[in-house]
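One structure is given here, and the rest of the page talks about it.
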Amino acid sequence: MGRYVVRRLLQMIPVFIGATLLIFLMVNVMGDPIAGLCGDRQCDAATAAQLKKEFGLDKPVWQQYLTYMGNVFTGDFGTAFNGQKVTELMSTAFPVTIRLTIVAILFEIVIGITLGVVTGLRRGKPVDTSVLMLTLVVISIPTFVTGLLLQLLLGVEWGWIKPSVSSEATFSELIVPGLVLASVSLAYVTRLTRTSIAENRRSDYVRTAVAKGLPRRRVITRHLLRNSLIPVVTFIGTDIGALMGGAIVTERIFNIHGVGYQLYQGILRQNTQTVVGFVTVLVLVFLIANLLVDLLYAVLDPRIRYA
Amino acid sequence: MLLEVRDLHVEFRTRDGVAKAVNGVDYAVDAGETLAVLGESGSGKSVTAQAIMGILDMPPGRIAGGEILFQGKDLLKLKEEERRKVRGAEMAMIFQDALSSLNPVLSVGDQLGEMFVVHRGMSKKDARAKAVELMDHVRIPAAKERVKQYPHQFSGGMRQRIMIAMALALEPALIIADEPTTALDVTVQAQVMDLLAELQREYNMGLILITHDLGVVADVADRIAVMYAGRIVEQAPVHDIYKAPAHPYTRGLLDSIPRLDQKGQELYAIKGLPPNLMAIPPGCAFNPRCPMAQELCRTDEPPLYEVSQDRTSACHFWRECLNG
Amino acid sequence: MPEPQEPEGAIAGTGMGGAMDLAVSEATTLEKGPGQAGGPQGKPRSLWSDAWRDLRRNPVFIISGLVILFLVVISLWPSLIASGNPLKCDLAKAQEGSQPGHPFGFDGQGCDVYTRTVYGARTSVTVGVCATLGVAILGSVLGGLAGFFGGFWDSILSRITDVFFAIPVVLGGLVLLSVVTSNTVWPVIGFMVLLGWPQISRIARGSVITAKQNDYVHAAKALGASNSRQLLRHIAPNAVAPVIVVATIALGTYIALEATLSYLGVGLKPPTVSWGIDISAASAYIRQAPHMLLWPAGALALTVLAFIMLGDAVRDALDPKLR
């Protein structure tokens, strides 16, 4: 088990470096990092050179990257061009997005797994077919369309919710946005659970459990569910990182001032430090979530633990 | 009689039609007796066993008729909850592939102890102690330590011993072993088979041994039932069958065993393939493959002829067969 | 028999917005060979002819196939059903509702919503098809070679795919495409290929490794078949099924992704006619004129649904285990 953890940790390092380097290059090489500095006007050559020197942009990119990463590991994500510390932006944005992600994950767990279990146990019955069709429809409608439609119906037409979320972004305000954010994953969780349950249901060990004379409830909870949920837990775990990174669209629709909002603003205003900083943290979250999922996987499946 | 199966019919509904897997099976097992059920795959031997245990997948499976009398009660008339209490406690089953038949994510101790928790209402701790006892009984070394381990950490032979221990846990009156040694190495096969036979004597259980391995049968079985296309074509005490089979299919099976005294000769094989269960040939199901088939065999389904007091054959020409 | 899984295989990456990952994990369970439960009967049927027999009588396949056929036809010849010009707009009619000759009404610029919705299909289908072709070719070549040869390049490729999976796709799109000024579809397609290939490469690699272990491949190898012969004649035909399934579903998700990026303002740009652009523009008038949003959004959802359903039907047909 210990060696397994160490191996996974070591595998994380190149991925972290690769992903952050990629983003760093995208932002610094493809974009013009000082373009946003002189307001709407084009910077004149002298100012540009001076600014480049000030921000260390005249050095080779790899050196800039190393300096940046060095700073990141001391907790310094740099300063946005308006003088605000990037870490300050993060401390207001991340709690909002984390709340939003929690709501989304809860939807995935509660609704997704329940529907998956129900349909998996009733394969081919009307309830299975209709839920299955519904999941396909949900998957097919892009999140931004779902979001706009729900906003239109619940917020504008029926007035059940406020169309945009206040700056506090409390849990109750985040219920509908969380559902929108979760929608596609929710459908996938349902389908994955269903497939997994239906497959394991025909497995030899479930047959053994029945032959042992266990009550149906015990066969399902202790033998069938326990095994079938391993891939589902895995999926939900890896989804944490994806949801946080994918919150841009949802946050834009409901005007939530979270990570996605800050990133979107950062990109529009070509605010390099903000973009790179936020993306670095997101990549880190994604990798840590994956690592935790791997560990969880080992806890849930002894075949991995004792491999 | 401990168990009597009477005129059992089982069908499966598939996309391509109805497959008649079991077509009127009769057999019986007494306490302390071993009945070997022989046949190719698809002959209905496992389906019959699953119907007895009540673990058929329904649907697609369906019991189309017959009775299963166990200790005098017709199991098919019991409510599911009553049936469940019989399973595991009164009759138990040992499956072919212990690796896939044991739950990979629960320790063997949990899986053994579960029997006591569910059927006997024991505490987890007592059940664990019982599990160690059982593992000792089936001669798994270091049972106390290994009880916490998971199925994949055991060797094939040891895993099958755990399956046997699980079946024996509540000292059932009947054990059905479905190809219990097929998945094992030859050297381990004998050990596991000997253990099973020994435990059967110890507890005086009825044993239904499903197999396609005639070598295993000769050692442990009291009686043999040979199945073909969902019917029992011959049933007899083991020695009678080996001496002189009363059905050409049984003869074919016996002739296809390699024998040392025939070294160098071509090995006999029954020609043709087992029938499609959705279109079983009229008359005797075996007639297209039978070397002795006559016109009668193609038109009339043979009844079960009584060859002797405890012997039956479903062949119009059983006398000719018996005389070679 | 459930084999102990390597955790890597079980943990789906989340690169493409999570959307395709499940398709992946479901598709990789495809089993090869005819899985007949009905007993010996008739001639042996191949995986493909069996799947085709299944598909022909699957209503989901027929309906989604017809929808896709229709979409392709109107992408090629939009004037067949829409006589107007999508770029001809009359500000005076802005936001007006349905009226004779203009069943879907007018958008914020006074353009005919019906004509624009019809012409939008061309953009979506072009982006979807081109991106999928690019991803499928690049992904299966790289993944297939890595899976076949294994070793050093295989580990390098695996690490590279890990890197791509760690970048949220919408985010990558925002960063990369925000600096693009071209108003053609090519930057968007290029971006999708760049970030999408690891998805297919992972599938292709996995299925090549599975196919490689088949006995007949060992036999071909023992008989002295060259690498390219083994790969092309024996492995590729058996490894291609999961790739096709995932690619079909991916096509739908690329169409959705294009619309999402256009909605965020970094995808396609006017005067290109795109559902994403129209939905984005309409979202500003959502209170006053919801019809502007509903028609392109409905067309978009229907298109994505058709491709995803098609992929789903094909997967079910190719997976004998689910029968």
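Identifiers in the structure tokens: chain A, B, ... in order shown; residue index from 1 per chain; ligand index from 1 in order shown.
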task = Tell me, as a ChimeraX atom specification, which residues lie within 6 Å of segment 302-317 of chain B, counting only C-alpha atoms; anything in the same chain fewer than 3 positions away does not count.
result = /B:233-236,247,320
Taking N, CA and C atoms for each residue, export the selection above as a short mmCIF file (atom, residue, chain, number, x, y, z; two decimals), in the first residue's frame.
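Saved to part.cif:
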data_model
loop_
_atom_site.label_atom_id
_atom_site.label_comp_id
_atom_site.auth_asym_id
_atom_site.auth_seq_id
_atom_site.Cartn_x
_atom_site.Cartn_y
_atom_site.Cartn_z
N VAL B 233 -31.07 -39.93 -20.08
CA VAL B 233 -31.18 -41.02 -21.04
C VAL B 233 -30.86 -42.36 -20.39
N GLU B 234 -30.08 -42.30 -19.32
CA GLU B 234 -29.84 -43.56 -18.62
C GLU B 234 -29.54 -43.26 -17.17
N GLN B 235 -30.09 -44.07 -16.29
CA GLN B 235 -29.80 -43.92 -14.87
C GLN B 235 -29.57 -45.30 -14.28
N ALA B 236 -28.47 -45.44 -13.56
CA ALA B 236 -28.13 -46.79 -13.07
C ALA B 236 -27.07 -46.71 -11.98
N HIS B 247 -27.45 -47.46 -23.03
CA HIS B 247 -27.85 -46.40 -23.98
C HIS B 247 -26.63 -46.09 -24.85
N GLU B 320 -30.27 -54.43 -27.09
CA GLU B 320 -29.18 -54.60 -28.05
C GLU B 320 -27.92 -53.89 -27.54
#
Please tabulate, as CSV, the residues of chain A that come within 6 Å of chain C, each with its closest pair of atoms and the distance in Å to one decimal, counting only C-alpha atoms and ordering rows by chain, then residue number upward.
residue,atom,partner,partner_atom,distance
A:Val15,CA,C:Val163,CA,4.9
A:Gly18,CA,C:Val163,CA,5.7
A:Ala19,CA,C:Val163,CA,5.0
A:Gly31,CA,C:Val179,CA,5.8
A:Ser140,CA,C:Leu305,CA,4.7
A:Ile141,CA,C:Ala301,CA,4.7
A:Pro142,CA,C:Ala256,CA,5.6
A:Ala242,CA,C:Thr14,CA,5.9
A:Gly245,CA,C:Pro168,CA,5.4
A:Val283,CA,C:Ala166,CA,5.9
A:Arg303,CA,C:Pro4,CA,6.0
request  = Could the residues of chain A within 12 Å of chain B, counting only C-alpha atoms, be given as an MDAnalysis selection string, please?
outcome  = chainID A and resid 122:124 200:219 222:230 297:307
request  = Could you please select, counting only C-alpha atoms, the residues of chain B within 10 Å of chain C and state them as a list of chain:residue names?
outcome  = B:Phe12, B:Arg13, B:Thr14, B:Arg15, B:Asp16, B:Gly17, B:Val18, B:Ala19, B:Gly42, B:Asp97, B:Leu99, B:Ser100, B:Ser101, B:Pro104, B:His152, B:Leu273, B:Pro274, B:Pro275, B:Asn276, B:Leu277, B:Met278, B:Ala279
Selected residues written out, C-alpha atoms, as a tab-separated table (two decimals), in the first residue's frame:
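result_1.tsv, written as the output of this step:
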chain	number	residue	atom	x	y	z
B	12	PHE	CA	-35.35	-20.08	-21.60
B	13	ARG	CA	-36.83	-17.31	-23.65
B	14	THR	CA	-34.18	-15.85	-25.92
B	15	ARG	CA	-34.24	-13.40	-28.78
B	16	ASP	CA	-34.24	-16.27	-31.25
B	17	GLY	CA	-36.95	-18.35	-29.62
B	18	VAL	CA	-37.63	-20.63	-26.69
B	19	ALA	CA	-34.79	-22.94	-25.72
B	42	GLY	CA	-25.87	-27.73	-22.73
B	97	ASP	CA	-14.96	-21.42	-10.60
B	99	LEU	CA	-12.38	-17.31	-7.97
B	100	SER	CA	-15.35	-15.70	-9.67
B	101	SER	CA	-17.89	-17.31	-7.35
B	104	PRO	CA	-13.63	-10.35	-4.53
B	152	HIS	CA	-7.50	-13.65	-4.76
B	273	LEU	CA	-22.81	-31.89	-32.30
B	274	PRO	CA	-25.26	-31.62	-29.42
B	275	PRO	CA	-28.69	-30.55	-30.68
B	276	ASN	CA	-29.93	-26.99	-30.83
B	277	LEU	CA	-32.21	-26.64	-27.84
B	278	MET	CA	-34.59	-24.52	-29.87
B	279	ALA	CA	-35.09	-27.29	-32.39
Shortest interatomic distance to Ile267 of chain A - which of C:Gly173, C:Tyr285, C:Pro271, C:Ala92, counting only C-alpha atoms = C:Gly173
message = So that I can see what lies close to segment 100-106 of chain A, please list as a list in words the residues with an atom at most 7 Å from it, counting only C-alpha atoms and leaving out residues fewer than 5 positions away in the same chain.
response = Leu174, Ile175, Gly178, Leu179, Leu181, Ala182, Leu243 and Met244 of chain A
Prev. selection, C-alpha atoms, output as a PDB file, in the first residue's frame:
ATOM      1  CA  LEU A 174     -26.491  27.508  -5.561  1.00  0.00           C
ATOM      2  CA  ILE A 175     -28.996  24.651  -5.780  1.00  0.00           C
ATOM      3  CA  GLY A 178     -25.282  23.186  -8.932  1.00  0.00           C
ATOM      4  CA  LEU A 179     -27.866  21.048 -10.700  1.00  0.00           C
ATOM      5  CA  LEU A 181     -23.247  22.081 -13.395  1.00  0.00           C
ATOM      6  CA  ALA A 182     -23.909  18.473 -12.404  1.00  0.00           C
ATOM      7  CA  LEU A 243     -16.470  20.264 -12.298  1.00  0.00           C
ATOM      8  CA  MET A 244     -14.338  23.009 -10.813  1.00  0.00           C
TER       9      MET A 244
END
Show which residues sit within 10 Å of Arg146 of chain B, as a compact mmCIF listing (two decimals) with C-alpha atoms, in the first residue's frame. Count only C-alpha atoms, and ignore same-chain residues fewer than 4 positions away.
# COMPACT_ATOMS: atom_id res chain seq x y z
CA SER B 107 -12.64 -11.34 3.18
CA VAL B 108 -13.22 -15.09 3.16
CA GLY B 109 -13.98 -14.87 6.86
CA VAL B 132 -11.93 -20.26 11.40
CA MET B 135 -11.43 -23.43 7.42
CA ILE B 140 -6.68 -24.81 5.14
CA PRO B 141 -3.40 -24.22 6.94
CA ALA B 142 -3.05 -21.20 9.26
CA TYR B 150 -9.38 -12.08 0.29
CA GLN B 153 -4.84 -14.30 -2.13
CA PHE B 154 -5.56 -18.05 -2.11
